[in-house]
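Asker: First, the structure itself, so that you have it in front of you.
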Amino acid sequence: MSVIDVHSHFVPRGWPDLGTIAGGTGWPRLEVESERDAVIMIGSSEFRRISDECWNADRRLADMAEDGVDVQVVSPTPVFFSYDRPVGQAVKVAKVFNDLALEICAPAPGRLIPFCQVPLQDPDAACAELDRCLAAGHAGVEIGNHVGDRDLDDAGIVTFLQHCADRGVPVFVHPWDMPESPRLGRWMARWLAGMPAETHLSIVALILGGVFDRVPDTLRICFAHGGGSFPFWLGRLDNAWRRRPDVIAGSVLPPSAYMGRFSVDTVVFDERALRLLVDTVGVERVLLGSDYPYPLGERPVGELVRKAGFLDEPARAKLLGGNAREFLARP
Ligand code: CO
């Protein structure tokens with residue numbers, strides 16, 4: 001049984017000037033400081049310091065060997081999604097990063113599995129870029145959990161999800177673009193509290209927005225970070241669905257009836273939380289993820305699942321790879 005990590009990210013070691021390629025200003029750029037170190041800059045401010053695990057397949061494979069991971073899904077870093085840009089610009093930027101993803105993964109076919117990004121603000125353009133990427137070698141798509149004020153039940157986004165369901169393409173949903181405020185600007189509160197809330201809201205939107213009622217169960221969709229704060233609050237959601245149908249009832253069935261329709265990853269760092277995930281979304285719907293190579297990710301990858309005392313061996317094997325194999329399988 002292969003161990004499969006469905007949540008990792010890449011950043012290329014450089015890319016063409018995006019203003020020249022796509023137009024517009026204020027694009028992310030990379031300041032390379034050494035063979036191993038670089039900084040993603042947005043304008044004149046530092047967005048994130050990164051190192052060569054982001055682009056170097058040999059480094060990734062060495063870390064995977066150390067952690068006992070056979071396969072890694074390699075997804076974009078959300079800062080490049082460009083959903084707030086004119087669609088023509090976002091199409092060009094998606095193509096740049098998607099093509100670079102193929103180059104980064106090329107040394108290890110079948111072991112480094114690229115997921116693409118799409119210009120999700122425009123369903124036609126998103127479907128077209130997805131199809132181009134699938135033909136070029138991508139195995140799935142990572143999307144941000146919202147497009148401005150549009151959530152995952154937005155008609156255009158549902159059109160894209162329907163396309164993914166029709167083509168049997170796995171969709172990985174990553175929180176991004178968390179609100180900024182003085183309260184969220186301290187510590188890493190946008191990552192520590194904002195991200196889980198973003199993911200929570202997106203799952204609520206899929207359920208109460210009736211998306212699971214409209215899109216067939218061939219949609220394979222997985223949420224990062226254990227589904228954020230959603231799993232802890234499913235009871236509250238069910239209670240509200242029953243008690244406040246005047247404002248809540250957007251789904252045909254109570255929210256808990258849709259467990260089994262989506263997956264979550266295991267990046268929750270606490271056995272009690274992992275157990276809640278398995279109990280809530282189902283043992284078939286929890287997939288190993290790490291957030292490699294970023295500092296809020298798990299290392300060694302899979303440690304929580306390997307050590308979790310409540311899992312029997314068949315369940316552990318599902319979380320470590322069996323579930324991901326089904327998530328990734330193309331019809
Ligand atoms: Co991530």
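How things are named: the first chain in the structure tokens is A, the next is B, and so on; residues count from 1 in each chain; ligands count from 1 in the order shown.
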Go through the chains and note each residue within 9 Å of ligand 1, using only C-alpha atoms and all ligand atoms, then give the set as a list in words.
Answerer: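 So the residues close to ligand 1 are His7, Ser8, His9, Ser75, Pro76, Thr77, Pro78, His174, Pro175, Ala224, His225, Gly289, Ser290, Asp291, Tyr292, Pro293, Tyr294, Leu296 and Gly297 of chain A.
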Asker: Write out as a PDB file with N, CA and C atoms, in the first residue's frame the residues lying within 12 Å of A:Val96, counting only C-alpha atoms and excluding same-chain residues fewer than 6 positions away.
Answerer:
ATOM      1  N   VAL A  11       6.457  26.124  -5.238  1.00  0.00           N
ATOM      2  CA  VAL A  11       6.678  27.464  -5.790  1.00  0.00           C
ATOM      3  C   VAL A  11       7.842  27.290  -6.755  1.00  0.00           C
ATOM      4  N   PRO A  12       7.731  27.771  -7.981  1.00  0.00           N
ATOM      5  CA  PRO A  12       8.867  27.632  -8.906  1.00  0.00           C
ATOM      6  C   PRO A  12      10.044  28.485  -8.451  1.00  0.00           C
ATOM      7  N   GLY A  14      11.483  30.586  -9.993  1.00  0.00           N
ATOM      8  CA  GLY A  14      11.454  31.839 -10.722  1.00  0.00           C
ATOM      9  C   GLY A  14      10.381  31.744 -11.776  1.00  0.00           C
ATOM     10  N   TRP A  15       9.951  32.897 -12.230  1.00  0.00           N
ATOM     11  CA  TRP A  15       8.946  32.913 -13.283  1.00  0.00           C
ATOM     12  C   TRP A  15       9.085  34.238 -14.027  1.00  0.00           C
ATOM     13  N   PRO A  16       8.577  34.275 -15.247  1.00  0.00           N
ATOM     14  CA  PRO A  16       8.684  35.517 -16.011  1.00  0.00           C
ATOM     15  C   PRO A  16       7.943  36.649 -15.298  1.00  0.00           C
ATOM     16  N   ASP A  17       8.333  37.860 -15.591  1.00  0.00           N
ATOM     17  CA  ASP A  17       7.644  39.010 -15.006  1.00  0.00           C
ATOM     18  C   ASP A  17       6.171  38.989 -15.422  1.00  0.00           C
ATOM     19  N   LEU A  18       5.292  38.879 -14.430  1.00  0.00           N
ATOM     20  CA  LEU A  18       3.876  38.652 -14.737  1.00  0.00           C
ATOM     21  C   LEU A  18       3.208  39.902 -15.298  1.00  0.00           C
ATOM     22  N   ILE A  21       3.882  39.635 -18.999  1.00  0.00           N
ATOM     23  CA  ILE A  21       3.122  38.565 -19.644  1.00  0.00           C
ATOM     24  C   ILE A  21       1.618  38.843 -19.647  1.00  0.00           C
ATOM     25  N   ALA A  22       1.113  39.317 -18.513  1.00  0.00           N
ATOM     26  CA  ALA A  22      -0.340  39.388 -18.337  1.00  0.00           C
ATOM     27  C   ALA A  22      -0.875  40.811 -18.269  1.00  0.00           C
ATOM     28  N   PRO A  76      -0.543  24.216  -6.265  1.00  0.00           N
ATOM     29  CA  PRO A  76      -0.076  25.603  -6.246  1.00  0.00           C
ATOM     30  C   PRO A  76      -0.102  26.178  -4.836  1.00  0.00           C
ATOM     31  N   PHE A  80      -0.859  32.706  -5.738  1.00  0.00           N
ATOM     32  CA  PHE A  80      -0.801  32.907  -7.196  1.00  0.00           C
ATOM     33  C   PHE A  80      -2.158  32.723  -7.896  1.00  0.00           C
ATOM     34  N   PHE A  81      -3.227  32.457  -7.146  1.00  0.00           N
ATOM     35  CA  PHE A  81      -4.515  32.141  -7.782  1.00  0.00           C
ATOM     36  C   PHE A  81      -5.026  33.263  -8.698  1.00  0.00           C
ATOM     37  N   GLN A  89      -5.924  38.161 -17.549  1.00  0.00           N
ATOM     38  CA  GLN A  89      -4.657  38.124 -16.805  1.00  0.00           C
ATOM     39  C   GLN A  89      -4.523  36.810 -16.036  1.00  0.00           C
ATOM     40  N   ALA A  90      -5.616  36.404 -15.394  1.00  0.00           N
ATOM     41  CA  ALA A  90      -5.559  35.185 -14.568  1.00  0.00           C
ATOM     42  C   ALA A  90      -5.302  33.947 -15.418  1.00  0.00           C
ATOM     43  N   LEU A 102       4.501  21.262 -13.971  1.00  0.00           N
ATOM     44  CA  LEU A 102       4.847  20.040 -14.713  1.00  0.00           C
ATOM     45  C   LEU A 102       6.361  19.844 -14.749  1.00  0.00           C
ATOM     46  N   GLU A 103       7.091  20.946 -14.915  1.00  0.00           N
ATOM     47  CA  GLU A 103       8.566  20.841 -14.938  1.00  0.00           C
ATOM     48  C   GLU A 103       9.097  20.373 -13.582  1.00  0.00           C
ATOM     49  N   CYS A 116      -3.349  21.467 -10.873  1.00  0.00           N
ATOM     50  CA  CYS A 116      -3.274  22.779 -11.513  1.00  0.00           C
ATOM     51  C   CYS A 116      -4.088  23.814 -10.736  1.00  0.00           C
ATOM     52  N   GLN A 117      -3.931  25.063 -11.129  1.00  0.00           N
ATOM     53  CA  GLN A 117      -4.819  26.139 -10.693  1.00  0.00           C
ATOM     54  C   GLN A 117      -5.612  26.603 -11.906  1.00  0.00           C
ATOM     55  N   VAL A 118      -6.760  27.206 -11.648  1.00  0.00           N
ATOM     56  CA  VAL A 118      -7.603  27.678 -12.752  1.00  0.00           C
ATOM     57  C   VAL A 118      -8.116  29.084 -12.441  1.00  0.00           C
ATOM     58  N   GLU A 129      -8.897  25.894 -18.943  1.00  0.00           N
ATOM     59  CA  GLU A 129      -7.537  25.708 -18.422  1.00  0.00           C
ATOM     60  C   GLU A 129      -7.404  24.334 -17.766  1.00  0.00           C
ATOM     61  N   CYS A 133      -4.748  21.510 -18.904  1.00  0.00           N
ATOM     62  CA  CYS A 133      -3.797  20.936 -17.944  1.00  0.00           C
ATOM     63  C   CYS A 133      -3.918  19.415 -17.872  1.00  0.00           C
TER      64      CYS A 133
END
Asker: What's around A:Gly210 at 8 Å? Count only C-alpha atoms, leave out sequence neighbours fewer than 3 positions away in its own chain, and write the answer as a list in words.
Answerer: Asp153, Ala205, Leu206, Ile207, Asp213, Arg214, Gly250, Ser251 and Val252 of chain A
Asker: Would you save the residues of that selection, restricted to N, CA, C and O atoms, as a PDB file, in the first residue's frame?
Answerer:
ATOM      1  N   ASP A 153     -21.016  27.786  -3.546  1.00  0.00           N
ATOM      2  CA  ASP A 153     -22.345  27.550  -4.131  1.00  0.00           C
ATOM      3  C   ASP A 153     -22.680  28.586  -5.199  1.00  0.00           C
ATOM      4  O   ASP A 153     -23.795  28.569  -5.739  1.00  0.00           O
ATOM      5  N   ALA A 205     -21.440  26.367   2.828  1.00  0.00           N
ATOM      6  CA  ALA A 205     -22.024  26.881   1.572  1.00  0.00           C
ATOM      7  C   ALA A 205     -22.345  25.734   0.614  1.00  0.00           C
ATOM      8  O   ALA A 205     -23.386  25.746  -0.060  1.00  0.00           O
ATOM      9  N   LEU A 206     -21.458  24.749   0.542  1.00  0.00           N
ATOM     10  CA  LEU A 206     -21.725  23.599  -0.341  1.00  0.00           C
ATOM     11  C   LEU A 206     -22.991  22.874   0.103  1.00  0.00           C
ATOM     12  O   LEU A 206     -23.816  22.477  -0.719  1.00  0.00           O
ATOM     13  N   ILE A 207     -23.144  22.712   1.405  1.00  0.00           N
ATOM     14  CA  ILE A 207     -24.289  21.960   1.931  1.00  0.00           C
ATOM     15  C   ILE A 207     -25.563  22.790   1.839  1.00  0.00           C
ATOM     16  O   ILE A 207     -26.530  22.408   1.165  1.00  0.00           O
ATOM     17  N   ASP A 213     -27.033  18.570  -3.545  1.00  0.00           N
ATOM     18  CA  ASP A 213     -28.315  18.125  -4.103  1.00  0.00           C
ATOM     19  C   ASP A 213     -28.318  18.213  -5.627  1.00  0.00           C
ATOM     20  O   ASP A 213     -29.069  17.491  -6.284  1.00  0.00           O
ATOM     21  N   ARG A 214     -27.501  19.122  -6.182  1.00  0.00           N
ATOM     22  CA  ARG A 214     -27.528  19.367  -7.633  1.00  0.00           C
ATOM     23  C   ARG A 214     -26.398  18.645  -8.367  1.00  0.00           C
ATOM     24  O   ARG A 214     -26.584  18.202  -9.495  1.00  0.00           O
ATOM     25  N   GLY A 250     -31.549  25.326   3.075  1.00  0.00           N
ATOM     26  CA  GLY A 250     -31.126  25.444   1.681  1.00  0.00           C
ATOM     27  C   GLY A 250     -30.838  24.083   1.105  1.00  0.00           C
ATOM     28  O   GLY A 250     -30.713  23.918  -0.107  1.00  0.00           O
ATOM     29  N   SER A 251     -30.724  23.100   1.960  1.00  0.00           N
ATOM     30  CA  SER A 251     -30.440  21.740   1.506  1.00  0.00           C
ATOM     31  C   SER A 251     -31.686  20.881   1.714  1.00  0.00           C
ATOM     32  O   SER A 251     -32.470  21.113   2.623  1.00  0.00           O
ATOM     33  N   VAL A 252     -31.849  19.887   0.868  1.00  0.00           N
ATOM     34  CA  VAL A 252     -33.002  18.998   0.965  1.00  0.00           C
ATOM     35  C   VAL A 252     -32.970  18.216   2.275  1.00  0.00           C
ATOM     36  O   VAL A 252     -33.992  18.053   2.937  1.00  0.00           O
TER      37      VAL A 252
END
Asker: Which residues, written as a PyMOL selection string, have at least one atom at most 8 Å from A:Val71, with only C-alpha atoms counted and residues fewer than 2 positions away on the same chain left out?
Answerer: chain A and resi 2-5+64+69+73+110-113
Asker: Keeping all heavy atoms for every residue in the selection just given, could you write it to a file as a PDB file, in the first residue's frame?
Answerer:
ATOM      1  N   SER A   2       0.682   2.103  -1.000  1.00  0.00           N
ATOM      2  CA  SER A   2       1.449   3.353  -1.072  1.00  0.00           C
ATOM      3  C   SER A   2       0.925   4.364  -0.061  1.00  0.00           C
ATOM      4  O   SER A   2      -0.269   4.447   0.185  1.00  0.00           O
ATOM      5  CB  SER A   2       1.314   3.972  -2.467  1.00  0.00           C
ATOM      6  OG  SER A   2       1.862   3.129  -3.437  1.00  0.00           O
ATOM      7  N   VAL A   3       1.851   5.135   0.496  1.00  0.00           N
ATOM      8  CA  VAL A   3       1.492   6.266   1.347  1.00  0.00           C
ATOM      9  C   VAL A   3       1.418   7.514   0.463  1.00  0.00           C
ATOM     10  O   VAL A   3       2.379   7.838  -0.243  1.00  0.00           O
ATOM     11  CB  VAL A   3       2.522   6.447   2.480  1.00  0.00           C
ATOM     12  CG1 VAL A   3       2.235   7.720   3.266  1.00  0.00           C
ATOM     13  CG2 VAL A   3       2.504   5.218   3.397  1.00  0.00           C
ATOM     14  N   ILE A   4       0.266   8.162   0.485  1.00  0.00           N
ATOM     15  CA  ILE A   4       0.001   9.274  -0.434  1.00  0.00           C
ATOM     16  C   ILE A   4      -0.357  10.525   0.353  1.00  0.00           C
ATOM     17  O   ILE A   4      -1.320  10.522   1.129  1.00  0.00           O
ATOM     18  CB  ILE A   4      -1.160   8.927  -1.390  1.00  0.00           C
ATOM     19  CG1 ILE A   4      -0.865   7.635  -2.151  1.00  0.00           C
ATOM     20  CG2 ILE A   4      -1.425  10.089  -2.352  1.00  0.00           C
ATOM     21  CD1 ILE A   4      -2.046   7.116  -2.975  1.00  0.00           C
ATOM     22  N   ASP A   5       0.407  11.579   0.137  1.00  0.00           N
ATOM     23  CA  ASP A   5       0.176  12.880   0.784  1.00  0.00           C
ATOM     24  C   ASP A   5      -0.555  13.775  -0.215  1.00  0.00           C
ATOM     25  O   ASP A   5      -0.003  14.144  -1.243  1.00  0.00           O
ATOM     26  CB  ASP A   5       1.542  13.462   1.177  1.00  0.00           C
ATOM     27  CG  ASP A   5       1.450  14.862   1.763  1.00  0.00           C
ATOM     28  OD1 ASP A   5       0.341  15.416   1.868  1.00  0.00           O
ATOM     29  OD2 ASP A   5       2.523  15.406   2.116  1.00  0.00           O
ATOM     30  N   MET A  64      10.530  12.851   1.344  1.00  0.00           N
ATOM     31  CA  MET A  64       9.495  11.814   1.281  1.00  0.00           C
ATOM     32  C   MET A  64      10.069  10.472   1.737  1.00  0.00           C
ATOM     33  O   MET A  64       9.423   9.726   2.488  1.00  0.00           O
ATOM     34  CB  MET A  64       8.937  11.708  -0.142  1.00  0.00           C
ATOM     35  CG  MET A  64       8.036  12.882  -0.537  1.00  0.00           C
ATOM     36  SD  MET A  64       7.833  13.062  -2.329  1.00  0.00           S
ATOM     37  CE  MET A  64       6.983  11.541  -2.758  1.00  0.00           C
ATOM     38  N   VAL A  69       6.895   8.518   2.693  1.00  0.00           N
ATOM     39  CA  VAL A  69       5.811   8.917   1.786  1.00  0.00           C
ATOM     40  C   VAL A  69       6.188   8.493   0.371  1.00  0.00           C
ATOM     41  O   VAL A  69       7.293   8.769  -0.099  1.00  0.00           O
ATOM     42  CB  VAL A  69       5.585  10.449   1.840  1.00  0.00           C
ATOM     43  CG1 VAL A  69       4.564  10.887   0.791  1.00  0.00           C
ATOM     44  CG2 VAL A  69       5.128  10.867   3.234  1.00  0.00           C
ATOM     45  N   VAL A  73       0.907  14.752  -3.798  1.00  0.00           N
ATOM     46  CA  VAL A  73       0.173  15.659  -4.679  1.00  0.00           C
ATOM     47  C   VAL A  73       0.785  17.044  -4.498  1.00  0.00           C
ATOM     48  O   VAL A  73       0.913  17.525  -3.365  1.00  0.00           O
ATOM     49  CB  VAL A  73      -1.328  15.688  -4.342  1.00  0.00           C
ATOM     50  CG1 VAL A  73      -2.041  16.801  -5.110  1.00  0.00           C
ATOM     51  CG2 VAL A  73      -1.956  14.331  -4.648  1.00  0.00           C
ATOM     52  N   GLY A 110       4.488   9.898 -11.424  1.00  0.00           N
ATOM     53  CA  GLY A 110       3.782   8.946 -10.574  1.00  0.00           C
ATOM     54  C   GLY A 110       4.083   9.118  -9.095  1.00  0.00           C
ATOM     55  O   GLY A 110       3.386   8.564  -8.252  1.00  0.00           O
ATOM     56  N   ARG A 111       5.112   9.882  -8.772  1.00  0.00           N
ATOM     57  CA  ARG A 111       5.435  10.115  -7.362  1.00  0.00           C
ATOM     58  C   ARG A 111       5.182  11.562  -6.971  1.00  0.00           C
ATOM     59  O   ARG A 111       4.730  11.836  -5.867  1.00  0.00           O
ATOM     60  CB  ARG A 111       6.898   9.740  -7.075  1.00  0.00           C
ATOM     61  CG  ARG A 111       7.172   8.252  -7.321  1.00  0.00           C
ATOM     62  CD  ARG A 111       8.407   7.813  -6.591  1.00  0.00           C
ATOM     63  NE  ARG A 111       8.232   7.993  -5.157  1.00  0.00           N
ATOM     64  CZ  ARG A 111       9.241   8.143  -4.309  1.00  0.00           C
ATOM     65  NH1 ARG A 111      10.486   8.143  -4.748  1.00  0.00           N
ATOM     66  NH2 ARG A 111       9.004   8.285  -3.016  1.00  0.00           N
ATOM     67  N   LEU A 112       5.495  12.485  -7.851  1.00  0.00           N
ATOM     68  CA  LEU A 112       5.115  13.886  -7.656  1.00  0.00           C
ATOM     69  C   LEU A 112       3.993  14.161  -8.648  1.00  0.00           C
ATOM     70  O   LEU A 112       4.203  14.166  -9.848  1.00  0.00           O
ATOM     71  CB  LEU A 112       6.308  14.817  -7.910  1.00  0.00           C
ATOM     72  CG  LEU A 112       7.520  14.634  -6.990  1.00  0.00           C
ATOM     73  CD1 LEU A 112       8.651  15.570  -7.400  1.00  0.00           C
ATOM     74  CD2 LEU A 112       7.146  14.849  -5.523  1.00  0.00           C
ATOM     75  N   ILE A 113       2.797  14.343  -8.100  1.00  0.00           N
ATOM     76  CA  ILE A 113       1.599  14.425  -8.936  1.00  0.00           C
ATOM     77  C   ILE A 113       1.077  15.853  -8.955  1.00  0.00           C
ATOM     78  O   ILE A 113       0.586  16.349  -7.940  1.00  0.00           O
ATOM     79  CB  ILE A 113       0.525  13.462  -8.394  1.00  0.00           C
ATOM     80  CG1 ILE A 113       1.058  12.045  -8.510  1.00  0.00           C
ATOM     81  CG2 ILE A 113      -0.790  13.642  -9.117  1.00  0.00           C
ATOM     82  CD1 ILE A 113       0.026  10.982  -8.306  1.00  0.00           C
TER      83      ILE A 113
END
Asker: Between A:Met195, A:Ala94, A:Ile248, A:Ala308, which has the minimum distance to A:Leu274 (counting only C-alpha atoms)?
Answerer: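 Among the listed residues, the smallest separation from A:Leu274 belongs to A:Ala308.
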Asker: Please return as an MDAnalysis selection string: the residues of stretch 11-179 of chain A that backbone DSSP assigns to strand (DSSP E or B).
Answerer: chainID A and resid 28:32 37:42 45:51 71:75 112:116 140:144 147 150 171:174
Asker: Could you pull out the helix (DSSP H, G or I) residues of stretch 74-211 of chain A from DSSP and send them as a ChimeraX atom specification?
Answerer: /A:78-80,87-105,123-136,155-167,189-208,211
Asker: Which residues, written as an NGL selection string, have at least one atom at most 7 Å from A:Asp238, with only C-alpha atoms counted and residues fewer than 6 positions away on the same chain left out?
Answerer: :A and (254-256)
Asker: Take the residues that were just selected and, keeping N, CA, C and O atoms, output them as a PDB file, in the first residue's frame.
Answerer:
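What landed in out_8.pdb:
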ATOM      1  N   PRO A 254     -30.948  17.206   6.162  1.00  0.00           N
ATOM      2  CA  PRO A 254     -30.142  17.844   7.210  1.00  0.00           C
ATOM      3  C   PRO A 254     -28.652  17.727   6.860  1.00  0.00           C
ATOM      4  O   PRO A 254     -28.231  16.761   6.222  1.00  0.00           O
ATOM      5  N   PRO A 255     -27.865  18.718   7.264  1.00  0.00           N
ATOM      6  CA  PRO A 255     -26.451  18.747   6.872  1.00  0.00           C
ATOM      7  C   PRO A 255     -25.708  17.434   7.126  1.00  0.00           C
ATOM      8  O   PRO A 255     -24.892  17.006   6.299  1.00  0.00           O
ATOM      9  N   SER A 256     -25.981  16.779   8.231  1.00  0.00           N
ATOM     10  CA  SER A 256     -25.213  15.562   8.536  1.00  0.00           C
ATOM     11  C   SER A 256     -25.460  14.460   7.502  1.00  0.00           C
ATOM     12  O   SER A 256     -24.658  13.527   7.384  1.00  0.00           O
TER      13      SER A 256
END
Asker: Would you list the contacts of A:Asp312 as a PyMOL selection string, taking every protein, DNA or RNA residue within 12 Å and counting only C-alpha atoms, but skipping same-chain residues closer than 6 positions in sequence?
Answerer: chain A and resi 275+283+305-306+318-319
Asker: May I ask which of the residues A:Ala38, A:Leu152, A:Leu219, A:Ala189 is the closest one to A:Arg330, counting only C-alpha atoms?
Answerer: A:Leu219
Asker: Interatomic distance between atom CA of A:Phe223 and atom CA of A:Arg242?
Answerer: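 Straight-line distance from atom CA of A:Phe223 to atom CA of A:Arg242 works out to 25.5 Å.
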Asker: If you measure from atom CA of A:Phe262 to atom CA of A:Arg244, what distance in Å do you get, rounded to one decimal?
Answerer: 24.7 Å
Asker: Could you please determine the separation between atom CA of A:Cys105 and atom CA of A:Trp55 in Å, to one decimal place?
Answerer: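 So the answer is 8.9 Å.
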